[in-house]
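Since the structure comes first, as structure tokens, the remarks are kept for the end.
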Amino acid sequence: EVQLVESGEGLVQPGSSMKLSCVASGFTFSNYGMNWIRQAPKKGLEWIALIYYDSSSKYYADSVKGRFTISRDNSKNTLYLEMNSLRSEDTAMYYCAKFSYGYPHFDYWGQGVMVTVSS
Amino acid sequence: DIQMTQSPSVLSASVGDRVTLSCKASQNINKNLDWYQQKLGEAPKLLIYFTNNLQTGIPSRFSGSGSGTDYTLTISSLQPEDVATYYCYQYNSGLTFGSGTKLEIK
């Protein structure tokens with residue numbers, strides 16, 4: 001059974017940093033592209049970052065480019081999101097999501113972790 | 001950037017109704033479109049990929065169609081468990097979600 005379990009939830013002040021993790025199981029993690037997608041309270045879904053299966057390419061939404069960094073450790077089956085210079089508008093539920101094999105469909109999602117940026 | 005516009009934003013229908021949700025892209029997305037269902041308090045779930053392909057385990061009352069800039073998700077007979085927000089998502093150029101349609105039971 002595919003499982004994606006995020007961690008790192010919390011409340012932080014504007015301008016600070018935070019790191020999220022997503023531990024994968026039930027599939028060969030090193031074969032799949034992985035993503036972070038967020039959802040502000042009572043708002044829609046926003047894709048924010050993608051990393052290829054071998055970390056050869058990384059892509060970001062304009063809203064987080066230069067502040068957030070996606071990475072992965074295939075030996076630990078773990079996806080990361082390093083978030084710097086956090087703003088109130090980064091307050092959201094953050095989901096990790098797996099691409100299907102070879103195609104950009106989000107076929108499995110984690111349960112999400114809440115990040116709150118507030119003074 | 002491609003913009004995805006979903007309509008209506010809220011849809012109220014009765015159990016057993018045929019329901020149609022619309023998604024319009026700001027430019028041709030060549031059928032590179034999926035539909036996701038998000039129930040309250042849950043992560044989204046993939047329903048339909050490449051416009052009209054039903055994801056494994058999804059009931060056959062769900063179907064998708066469309067081409068060019070206009071796409072549709074249809075539920076042939078609405079069930080109580082279909083109450084959710086539905087998002088379209090394009091991957092023809094960049095990765096963009098629509099704003100969602102909230103489906104309620106009348």
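Letters for chains follow the order of the structure tokens (A, B, ...), residue numbers begin at 1 for each chain, and ligand numbers begin at 1 in the order shown.
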
- Message: Within 9 Å of chain B, which residues belong to chain A? Use only C-alpha atoms and report them as a PyMOL selection string.
- Response: chain A and resi 43-48+61+95+104-112

As a PDB file with all heavy atoms, in the first residue's frame, please: the residues near range 17-19 of chain B (cut-off 6 Å, only C-alpha atoms, same-chain neighbours under 6 positions excluded).
ATOM      1  N   THR B  74     -18.611  14.743 -15.480  1.00  0.00           N
ATOM      2  CA  THR B  74     -20.021  14.389 -15.329  1.00  0.00           C
ATOM      3  C   THR B  74     -20.168  13.278 -14.305  1.00  0.00           C
ATOM      4  O   THR B  74     -19.393  12.312 -14.304  1.00  0.00           O
ATOM      5  CB  THR B  74     -20.612  13.934 -16.674  1.00  0.00           C
ATOM      6  OG1 THR B  74     -20.514  15.009 -17.607  1.00  0.00           O
ATOM      7  CG2 THR B  74     -22.080  13.539 -16.516  1.00  0.00           C
ATOM      8  N   ILE B  75     -21.139  13.443 -13.429  1.00  0.00           N
ATOM      9  CA  ILE B  75     -21.554  12.388 -12.511  1.00  0.00           C
ATOM     10  C   ILE B  75     -22.943  11.962 -12.970  1.00  0.00           C
ATOM     11  O   ILE B  75     -23.879  12.769 -12.957  1.00  0.00           O
ATOM     12  CB  ILE B  75     -21.580  12.856 -11.050  1.00  0.00           C
ATOM     13  CG1 ILE B  75     -20.235  13.486 -10.670  1.00  0.00           C
ATOM     14  CG2 ILE B  75     -21.913  11.694 -10.119  1.00  0.00           C
ATOM     15  CD1 ILE B  75     -20.213  14.130  -9.296  1.00  0.00           C
ATOM     16  N   SER B  76     -23.085  10.724 -13.386  1.00  0.00           N
ATOM     17  CA  SER B  76     -24.335  10.301 -14.049  1.00  0.00           C
ATOM     18  C   SER B  76     -25.510  10.216 -13.085  1.00  0.00           C
ATOM     19  O   SER B  76     -26.655  10.476 -13.475  1.00  0.00           O
ATOM     20  CB  SER B  76     -24.128   8.958 -14.743  1.00  0.00           C
ATOM     21  OG  SER B  76     -23.755   7.974 -13.798  1.00  0.00           O
ATOM     22  N   SER B  77     -25.246   9.847 -11.855  1.00  0.00           N
ATOM     23  CA  SER B  77     -26.302   9.742 -10.855  1.00  0.00           C
ATOM     24  C   SER B  77     -25.694  10.105  -9.504  1.00  0.00           C
ATOM     25  O   SER B  77     -25.004   9.288  -8.887  1.00  0.00           O
ATOM     26  CB  SER B  77     -26.869   8.323 -10.829  1.00  0.00           C
ATOM     27  OG  SER B  77     -27.863   8.191  -9.820  1.00  0.00           O
ATOM     28  N   LEU B  78     -25.941  11.299  -9.062  1.00  0.00           N
ATOM     29  CA  LEU B  78     -25.306  11.838  -7.863  1.00  0.00           C
ATOM     30  C   LEU B  78     -25.634  11.014  -6.623  1.00  0.00           C
ATOM     31  O   LEU B  78     -26.802  10.689  -6.371  1.00  0.00           O
ATOM     32  CB  LEU B  78     -25.739  13.286  -7.656  1.00  0.00           C
ATOM     33  CG  LEU B  78     -25.066  14.051  -6.521  1.00  0.00           C
ATOM     34  CD1 LEU B  78     -23.576  14.220  -6.791  1.00  0.00           C
ATOM     35  CD2 LEU B  78     -25.737  15.414  -6.329  1.00  0.00           C
TER      36      LEU B  78
END

- Item | Spatial neighbours of Thr69 in chain A, 9 Å, only C-alpha atoms, chain gap at least 6 places, as JSON, numbers by chain | {"A": [49, 58, 60, 80, 81, 82, 83, 84]}

The selected residues should be written to file as a short mmCIF file (atom, residue, chain, number, x, y, z; two decimals), in the first residue's frame (atoms: N, CA, C and O atoms).
data_model
loop_
_atom_site.label_atom_id
_atom_site.label_comp_id
_atom_site.auth_asym_id
_atom_site.auth_seq_id
_atom_site.Cartn_x
_atom_site.Cartn_y
_atom_site.Cartn_z
N ALA A 49 6.06 22.86 -6.00
CA ALA A 49 7.41 22.38 -6.30
C ALA A 49 7.37 20.94 -6.79
O ALA A 49 6.55 20.15 -6.35
N LYS A 58 14.48 20.37 -10.87
CA LYS A 58 13.56 20.87 -9.85
C LYS A 58 12.84 22.08 -10.45
O LYS A 58 13.45 22.88 -11.16
N TYR A 60 9.69 25.20 -9.61
CA TYR A 60 8.98 25.89 -8.54
C TYR A 60 7.93 26.83 -9.11
O TYR A 60 8.10 27.40 -10.19
N TYR A 80 11.72 16.39 0.94
CA TYR A 80 11.83 17.53 1.84
C TYR A 80 11.35 18.81 1.16
O TYR A 80 11.38 18.93 -0.06
N LEU A 81 10.96 19.78 2.00
CA LEU A 81 10.70 21.13 1.53
C LEU A 81 11.28 22.08 2.57
O LEU A 81 10.78 22.16 3.69
N GLU A 82 12.36 22.76 2.17
CA GLU A 82 12.97 23.78 3.02
C GLU A 82 12.32 25.10 2.67
O GLU A 82 12.33 25.52 1.50
N MET A 83 11.76 25.77 3.68
CA MET A 83 11.03 27.02 3.44
C MET A 83 11.71 28.15 4.21
O MET A 83 11.83 28.07 5.44
N ASN A 84 12.17 29.15 3.48
CA ASN A 84 12.83 30.31 4.08
C ASN A 84 12.03 31.57 3.84
O ASN A 84 11.15 31.61 2.97
#

- Query: Which residues come within 10 Å of Leu103 in chain B, counting only C-alpha atoms, excluding same-chain residues fewer than 4 positions away, as a ChimeraX atom specification?
  - Reply: /B:8-13,19,21,39,78,82-86

- Find the residues around Val115 in chain A up to 8 Å (only C-alpha atoms counted), leave out those fewer than 4 positions away in its own chain, and share them as a list in words.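 With the cut-off at 8 Å, the set is Glu9, Gly10, Leu11, Val12, Asp90, Thr91, Ala92, Met93 and Tyr94 of chain A.
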
Using only C-alpha atoms, determine which residues lie at most 6 Å from range 25-30 of chain A, disregarding the query and same-chain residues fewer than 4 positions distant; provide the list as a PDB file with N, CA and C atoms, in the first residue's frame.
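Generated output (around.pdb):
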ATOM      1  N   GLU A   1       0.850  -1.198   0.000  1.00  0.00           N
ATOM      2  CA  GLU A   1       0.000   0.000   0.000  1.00  0.00           C
ATOM      3  C   GLU A   1       0.882   1.242   0.000  1.00  0.00           C
ATOM      4  N   VAL A   2       0.609   2.133  -0.940  1.00  0.00           N
ATOM      5  CA  VAL A   2       1.358   3.385  -1.004  1.00  0.00           C
ATOM      6  C   VAL A   2       0.982   4.273   0.178  1.00  0.00           C
ATOM      7  N   GLN A   3       1.991   4.794   0.846  1.00  0.00           N
ATOM      8  CA  GLN A   3       1.766   5.746   1.934  1.00  0.00           C
ATOM      9  C   GLN A   3       2.748   6.902   1.817  1.00  0.00           C
ATOM     10  N   TYR A  53      12.769  12.138 -10.282  1.00  0.00           N
ATOM     11  CA  TYR A  53      13.081  10.931  -9.517  1.00  0.00           C
ATOM     12  C   TYR A  53      14.534  10.881  -9.061  1.00  0.00           C
ATOM     13  N   ASN A  74      16.819   9.517  -1.658  1.00  0.00           N
ATOM     14  CA  ASN A  74      16.246   8.248  -2.093  1.00  0.00           C
ATOM     15  C   ASN A  74      16.673   7.088  -1.194  1.00  0.00           C
ATOM     16  N   ASN A  77      13.999   7.239   1.394  1.00  0.00           N
ATOM     17  CA  ASN A  77      12.613   7.333   0.897  1.00  0.00           C
ATOM     18  C   ASN A  77      11.909   8.592   1.412  1.00  0.00           C
TER      19      ASN A  77
END

- Please, what distance in Å, to one decimal, runs between CA of Tyr32 in chain A and CA of Asn53 in chain B?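 Value for the CA of Tyr32 in chain A-CA of Asn53 in chain B distance: 20.7 Å.
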
- Closest of A:Ser71, A:Ser100, A:Thr116, A:Ser85 to Gly15 in chain A, counting only C-alpha atoms, is A:Ser85

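The space between CA of Pro14 in chain A and CA of Met114 in chain A spans 15.3 Å.
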
- Mind the document's chain letters and residue numbers, and return as a PyMOL selection string the residues of chain B that DSSP labels strand (DSSP E or B). chain B and resi 4-7+10-13+19-25+33-38+45-49+53-54+62-67+70-75+84-90+96-97+101-105

Residue subset to file, keeping N, CA and C atoms, as a short mmCIF file (atom, residue, chain, number, x, y, z; two decimals), in the first residue's frame:
data_model
loop_
_atom_site.label_atom_id
_atom_site.label_comp_id
_atom_site.auth_asym_id
_atom_site.auth_seq_id
_atom_site.Cartn_x
_atom_site.Cartn_y
_atom_site.Cartn_z
N MET B 4 -7.06 28.38 -15.31
CA MET B 4 -8.14 27.41 -15.37
C MET B 4 -9.34 27.98 -14.61
N THR B 5 -10.47 28.08 -15.30
CA THR B 5 -11.67 28.65 -14.70
C THR B 5 -12.73 27.58 -14.57
N GLN B 6 -13.17 27.33 -13.34
CA GLN B 6 -14.20 26.32 -13.11
C GLN B 6 -15.55 26.98 -12.85
N SER B 7 -16.61 26.34 -13.34
CA SER B 7 -17.96 26.83 -13.10
C SER B 7 -18.93 25.68 -12.98
N VAL B 10 -20.24 26.86 -6.91
CA VAL B 10 -21.03 26.01 -6.02
C VAL B 10 -22.19 25.43 -6.82
N LEU B 11 -22.40 24.14 -6.63
CA LEU B 11 -23.49 23.45 -7.35
C LEU B 11 -24.29 22.63 -6.35
N SER B 12 -25.58 22.84 -6.34
CA SER B 12 -26.47 22.09 -5.46
C SER B 12 -27.38 21.22 -6.31
N ALA B 13 -27.40 19.93 -6.03
CA ALA B 13 -28.20 19.00 -6.83
C ALA B 13 -28.79 17.92 -5.93
N VAL B 19 -25.07 15.37 -13.04
CA VAL B 19 -24.39 16.61 -12.68
C VAL B 19 -23.22 16.85 -13.62
N THR B 20 -23.08 18.11 -14.07
CA THR B 20 -22.01 18.46 -14.98
C THR B 20 -21.22 19.64 -14.41
N LEU B 21 -19.90 19.44 -14.29
CA LEU B 21 -19.01 20.49 -13.82
C LEU B 21 -18.11 20.90 -14.99
N SER B 22 -17.87 22.19 -15.09
CA SER B 22 -17.11 22.70 -16.24
C SER B 22 -15.76 23.29 -15.84
N CYS B 23 -14.83 23.20 -16.76
CA CYS B 23 -13.49 23.74 -16.56
C CYS B 23 -13.04 24.31 -17.90
N LYS B 24 -12.63 25.57 -17.89
CA LYS B 24 -12.20 26.22 -19.12
C LYS B 24 -10.78 26.73 -18.97
N ALA B 25 -9.94 26.36 -19.93
CA ALA B 25 -8.54 26.80 -19.93
C ALA B 25 -8.39 28.08 -20.74
N LEU B 33 -5.46 17.12 -19.01
CA LEU B 33 -6.27 17.59 -17.90
C LEU B 33 -6.73 16.44 -17.03
N ASP B 34 -6.65 16.64 -15.73
CA ASP B 34 -7.15 15.67 -14.76
C ASP B 34 -8.25 16.33 -13.91
N TRP B 35 -9.00 15.47 -13.23
CA TRP B 35 -9.98 15.91 -12.23
C TRP B 35 -9.66 15.26 -10.90
N TYR B 36 -9.75 16.06 -9.83
CA TYR B 36 -9.51 15.59 -8.47
C TYR B 36 -10.73 15.88 -7.61
N GLN B 37 -10.97 14.99 -6.67
CA GLN B 37 -12.07 15.14 -5.71
C GLN B 37 -11.46 15.35 -4.33
N GLN B 38 -11.92 16.36 -3.62
CA GLN B 38 -11.46 16.58 -2.25
C GLN B 38 -12.65 16.66 -1.31
N LYS B 45 -8.09 13.43 -4.25
CA LYS B 45 -7.98 12.10 -4.84
C LYS B 45 -8.14 12.21 -6.34
N LEU B 46 -7.29 11.52 -7.09
CA LEU B 46 -7.37 11.53 -8.55
C LEU B 46 -8.58 10.75 -9.02
N LEU B 47 -9.43 11.39 -9.83
CA LEU B 47 -10.61 10.74 -10.38
C LEU B 47 -10.41 10.35 -11.84
N ILE B 48 -10.00 11.33 -12.64
CA ILE B 48 -9.94 11.22 -14.09
C ILE B 48 -8.60 11.77 -14.55
N TYR B 49 -7.93 11.05 -15.47
CA TYR B 49 -6.68 11.57 -16.03
C TYR B 49 -6.76 11.59 -17.54
N ASN B 53 -10.04 9.34 -18.77
CA ASN B 53 -9.63 8.03 -18.28
C ASN B 53 -9.91 7.91 -16.78
N LEU B 54 -10.70 6.92 -16.43
CA LEU B 54 -11.11 6.74 -15.04
C LEU B 54 -9.98 6.09 -14.24
N PHE B 62 -18.68 8.40 -12.70
CA PHE B 62 -17.84 9.55 -13.03
C PHE B 62 -17.29 9.39 -14.45
N SER B 63 -17.34 10.47 -15.21
CA SER B 63 -16.76 10.45 -16.55
C SER B 63 -16.27 11.84 -16.91
N GLY B 64 -15.34 11.91 -17.84
CA GLY B 64 -14.80 13.19 -18.27
C GLY B 64 -14.80 13.29 -19.77
N SER B 65 -14.86 14.52 -20.24
CA SER B 65 -14.82 14.75 -21.68
C SER B 65 -14.26 16.14 -21.94
N GLY B 66 -14.02 16.41 -23.21
CA GLY B 66 -13.58 17.75 -23.58
C GLY B 66 -12.42 17.73 -24.55
N SER B 67 -12.09 18.91 -25.01
CA SER B 67 -10.96 19.10 -25.90
C SER B 67 -10.67 20.59 -25.98
N ASP B 70 -12.10 23.53 -23.41
CA ASP B 70 -13.30 23.25 -22.62
C ASP B 70 -13.42 21.79 -22.21
N TYR B 71 -13.59 21.57 -20.91
CA TYR B 71 -13.60 20.23 -20.34
C TYR B 71 -14.74 20.09 -19.33
N THR B 72 -15.19 18.84 -19.17
CA THR B 72 -16.37 18.58 -18.35
C THR B 72 -16.16 17.32 -17.52
N LEU B 73 -16.58 17.39 -16.27
CA LEU B 73 -16.69 16.21 -15.41
C LEU B 73 -18.18 15.97 -15.21
N THR B 74 -18.61 14.74 -15.48
CA THR B 74 -20.02 14.39 -15.33
C THR B 74 -20.17 13.28 -14.30
N ILE B 75 -21.14 13.44 -13.43
CA ILE B 75 -21.55 12.39 -12.51
C ILE B 75 -22.94 11.96 -12.97
N ALA B 84 -18.35 17.03 -2.20
CA ALA B 84 -16.90 17.30 -2.21
C ALA B 84 -16.67 18.56 -3.04
N THR B 85 -15.41 19.00 -3.04
CA THR B 85 -14.98 20.02 -3.98
C THR B 85 -14.16 19.34 -5.07
N TYR B 86 -14.45 19.71 -6.30
CA TYR B 86 -13.81 19.10 -7.46
C TYR B 86 -12.90 20.12 -8.14
N TYR B 87 -11.68 19.68 -8.43
CA TYR B 87 -10.69 20.55 -9.06
C TYR B 87 -10.26 19.96 -10.39
N CYS B 88 -10.18 20.81 -11.42
CA CYS B 88 -9.50 20.41 -12.64
C CYS B 88 -8.04 20.86 -12.52
N TYR B 89 -7.20 20.26 -13.34
CA TYR B 89 -5.75 20.48 -13.25
C TYR B 89 -5.16 20.25 -14.62
N GLN B 90 -4.39 21.22 -15.12
CA GLN B 90 -3.77 21.07 -16.44
C GLN B 90 -2.26 20.96 -16.30
N THR B 96 -1.22 23.67 -13.24
CA THR B 96 -2.17 24.64 -12.72
C THR B 96 -3.49 23.98 -12.36
N PHE B 97 -3.97 24.29 -11.16
CA PHE B 97 -5.29 23.83 -10.74
C PHE B 97 -6.33 24.92 -11.00
N THR B 101 -15.02 23.51 -7.81
CA THR B 101 -16.48 23.55 -7.74
C THR B 101 -16.90 22.76 -6.53
N LYS B 102 -17.61 23.41 -5.64
CA LYS B 102 -18.13 22.75 -4.44
C LYS B 102 -19.49 22.14 -4.76
N LEU B 103 -19.60 20.83 -4.60
CA LEU B 103 -20.82 20.11 -4.93
C LEU B 103 -21.57 19.75 -3.65
N GLU B 104 -22.81 20.18 -3.58
CA GLU B 104 -23.63 19.95 -2.40
C GLU B 104 -24.87 19.15 -2.78
N ILE B 105 -25.48 18.53 -1.80
CA ILE B 105 -26.75 17.83 -1.99
C ILE B 105 -27.89 18.79 -1.61
#

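The interatomic distance for the pair CA of Ile70 in chain A and CA of Trp36 in chain A works out to 8.1 Å.
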
- Message: Restricting the calculation to only C-alpha atoms: of A:Thr78, A:Ser16, A:Ser88, A:Ser57, which residue gets closest to Pro41 in chain A?
- Response: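 Answer, going by the shortest atom-to-atom distance: A:Ser88.
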
- DSSP helix (DSSP H, G or I) residues within range 23-92 of chain A, listed as a list of chain:residue names: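 Selection result, helix (DSSP H, G or I) within range 23-92 of chain A: A:Phe29, A:Ser30, A:Asn31, A:Ser88, A:Glu89, A:Asp90.
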